[in-house]
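Below is one structure, written out as structure tokens, with a few remarks after it.
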Amino acid sequence: MKYNFDRGFNHEIKDSLKWNTVKKISDKQDIVPMWIADMDFETVPEVKKAIIERATQGIYGYSEMKDEYFESLSEWTKKRYNWEIKKEWLCFSPGVVTGINLAIRALTHPGDRVLIQTPVYSPFFGAVTKSGCELVSSSLKLVNGKYKMDFDDLEEKLTDERTKIMVLCNPHNPVGRAWTRDELIKLGEICIKNNIIVISDEIHSDLVYKGYKYTPFASISKEFEQNSIICTAPSKTFNLAGLQSSNIIIPNENFRREYKIALENIEVSRLNVFGMVACETAYKYGESWLEELLDYLEENKELVKKRIENRIPKLKLIEPEATYLLWIDCSGLGLNDEELKKFMIEKAGILLNDGSSFGEEGKGFQRMNIACTKNTLEEALNRLEKAVNSI
Ligand SMILES: Cc1ncc(COP(=O)(O)O)c(C=O)c1O
């Protein structure tokens, strides 16, 4: 191994939301933070070096996206996913969530309907309702331990002519599915038939486990490309979320024009200079780091899986295909939402994300972030095992 993921979080860092939150919950008990989606690992060394070099220049005025930025991103998508993007398609946003909010505002009128598939990353709810749109939800179906799209329900809801957009999460947070090409084709065809624009949040695309594959929604066909907005970012992949940089890829000229007007309306006109440096460098030099990270996450995922299967039978892990966020069925504990949350913090001493924050369907579930060192993970699993088995 060239990189040391066992080194873990640098506690000299005082502004980490992930770690500060557990301190705020209790200054007596140490709680393991396994909630918000960032990693305890230091980023790609070349990224750190490039940021330091840029910082030493001392001038941080308004900056322009250089051609090298686009080249680095487009080489990444081409090499890893065989998806060719054009320079003019690339729009930006400080974050993917901001990008989704702006895209919905740009392409809907108040009162239009926007569909999401629940349980899902909670800011999707607000992105719809705060844009003045009506939220329509299609529940994912849990069939034999695997989440599936409910195509009958989708067909019905997307046929409603008040529905204009669907926000897809590909791969899906929190259920961990890397949607197959066939599933995406079936979904995309329903959307095209009913003039539904697809906003596809692909922020977790680089984090896929062995045996599974990420398919960029827009790469499937020219029609899909022209009917979608794809949101990617280096933030989850390379642990750069604090640098606020993302790529909003809009092949359709009309959608792009509307999106850019929405950006101008709120005077968001530039990317953060360090975010640009980090993004360009990560895609250019980060591949071997990512490959090792994926091996490490694979081992972490297996640790959780084995521990739950062998020693914590009251819990059930939904087999993750992608993301470092594991979706755990805790309904066997017989606790209500409030009790479950309290149990994880006070009895187990770990901070997870509450399943119900991802929608009604998440009741009884917890989401566990495993992007931490094996030591931290073992400690958390020991605590979890002890607490659950003492019920
Ligand atoms: C599906 C998904 N989209 C977006 C985000 C956040 O993206 P950003 O920080 O770029 O707004 C996250 C973070 O966890 C996420 O899981």
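Going through the structure tokens in order, the chains are called A, B, and so on, while each chain numbers its residues from 1 and the ligands are numbered from 1 in the order shown.
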
Per residue of chain A within 8 Å of ligand 1, which atom pair is closest and at what distance in Å (one decimal), using only C-alpha atoms and all ligand atoms, listed by chain and increasing number, as CSV?
residue,atom,partner,partner_atom_place_in_ligand_line,distance
A:Ile36,CA,ligand 1,14 (O),6.7
A:Ala37,CA,ligand 1,14 (O),4.6
A:Asp38,CA,ligand 1,14 (O),7.4
A:Pro94,CA,ligand 1,10 (O),6.9
A:Gly95,CA,ligand 1,10 (O),3.3
A:Val96,CA,ligand 1,10 (O),3.8
A:Val97,CA,ligand 1,11 (O),3.8
A:Thr98,CA,ligand 1,11 (O),5.9
A:Gly99,CA,ligand 1,11 (O),7.6
A:Val120,CA,ligand 1,1 (C),7.8
A:Tyr121,CA,ligand 1,1 (C),5.5
A:Pro123,CA,ligand 1,4 (C),7.9
A:Cys169,CA,ligand 1,1 (C),6.0
A:Asn170,CA,ligand 1,1 (C),7.9
A:Pro171,CA,ligand 1,1 (C),7.9
A:His172,CA,ligand 1,1 (C),6.7
A:Asn173,CA,ligand 1,1 (C),5.3
A:Pro174,CA,ligand 1,16 (O),7.7
A:Asp201,CA,ligand 1,3 (N),5.9
A:Glu202,CA,ligand 1,1 (C),7.1
A:Ile203,CA,ligand 1,3 (N),5.7
A:His204,CA,ligand 1,1 (C),6.7
A:Ala233,CA,ligand 1,10 (O),6.6
A:Ser235,CA,ligand 1,10 (O),6.6
A:Lys236,CA,ligand 1,13 (C),7.2
A:Ala241,CA,ligand 1,9 (O),5.6
A:Gly242,CA,ligand 1,9 (O),7.8
A:Gln244,CA,ligand 1,10 (O),6.3
A:Ser245,CA,ligand 1,10 (O),6.7
A:Ser246,CA,ligand 1,10 (O),5.9

- Message: Give me the residues near segment 4-12 of chain A as a PyMOL selection string, where near means some atom within 10 Å (using only C-alpha atoms) and where sequence neighbours in that chain fewer than 6 positions away do not count.
- Response: chain A and resi 19+39-43+289+292-293+296-297+371-376

Write out as JSON lines a residue-level contact list of segment 174-261 of chain A versus segment 311-331 of chain A with cut-off 7 Å: for each qualifying residue the closest pair of atoms and the distance in Å to one decimal, counting only C-alpha atoms, rows sorted by chain and residue number upward.
{"residue": "A:Pro174", "atom": "CA", "partner": "A:Trp327", "partner_atom": "CA", "distance": 6.1}
{"residue": "A:Val175", "atom": "CA", "partner": "A:Trp327", "partner_atom": "CA", "distance": 5.7}
{"residue": "A:Gly176", "atom": "CA", "partner": "A:Pro320", "partner_atom": "CA", "distance": 4.8}
{"residue": "A:Arg177", "atom": "CA", "partner": "A:Glu321", "partner_atom": "CA", "distance": 5.3}
{"residue": "A:Ala178", "atom": "CA", "partner": "A:Glu321", "partner_atom": "CA", "distance": 5.7}
{"residue": "A:His204", "atom": "CA", "partner": "A:Thr323", "partner_atom": "CA", "distance": 5.9}
{"residue": "A:Leu207", "atom": "CA", "partner": "A:Thr323", "partner_atom": "CA", "distance": 5.2}
{"residue": "A:Val208", "atom": "CA", "partner": "A:Ala322", "partner_atom": "CA", "distance": 4.1}
{"residue": "A:Tyr209", "atom": "CA", "partner": "A:Glu321", "partner_atom": "CA", "distance": 5.4}
{"residue": "A:Tyr212", "atom": "CA", "partner": "A:Glu321", "partner_atom": "CA", "distance": 6.1}

- Quick one, how far is atom CA of Phe365 of chain A from atom CA of Lys148 of chain A? 16.9 Å

- Based on DSSP run over this structure's backbone, return all residues of segment 236-277 of chain A in alpha helix (DSSP H), as number ranges by chain. A: 236-238, 253-265, 273-277

- Out of A:Phe255, A:Tyr81, A:Phe92, A:Tyr69, which residue has the shortest atom-to-atom distance to Leu271 of chain A when counting only C-alpha atoms? A:Phe92

- Item | atom CA of Glu161 of chain A to atom CA of Ser139 of chain A, distance in Å rounded to a single decimal | 19.7 Å

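Counting only C-alpha atoms, the residue from A:Ile25, A:Leu240, A:Ala262, A:Ile308 that sits nearest to Lys342 of chain A is A:Ile25.
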
- Please provide as a ChimeraX atom specification all residues within 9 Å of Phe224 of chain A, with the sequence filter that same-chain residues fewer than 6 positions apart are discarded (counting only C-alpha atoms). /A:185,188-189,192,198,217-218

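Atom CA of Ala103 of chain A to atom CA of Glu134 of chain A spans 15.1 Å [interatomic distance, one decimal].
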
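Take the candidates A:Pro216, A:Pro251, A:Gly211, A:Pro119 and check each one against Ile229 of chain A using only C-alpha atoms; the shortest distance goes to A:Pro251.
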
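With distances restricted to only C-alpha atoms, A:Ser288 is the closest residue to Pro45 of chain A from A:Gln226, A:Ser288, A:Asn300, A:Thr159.
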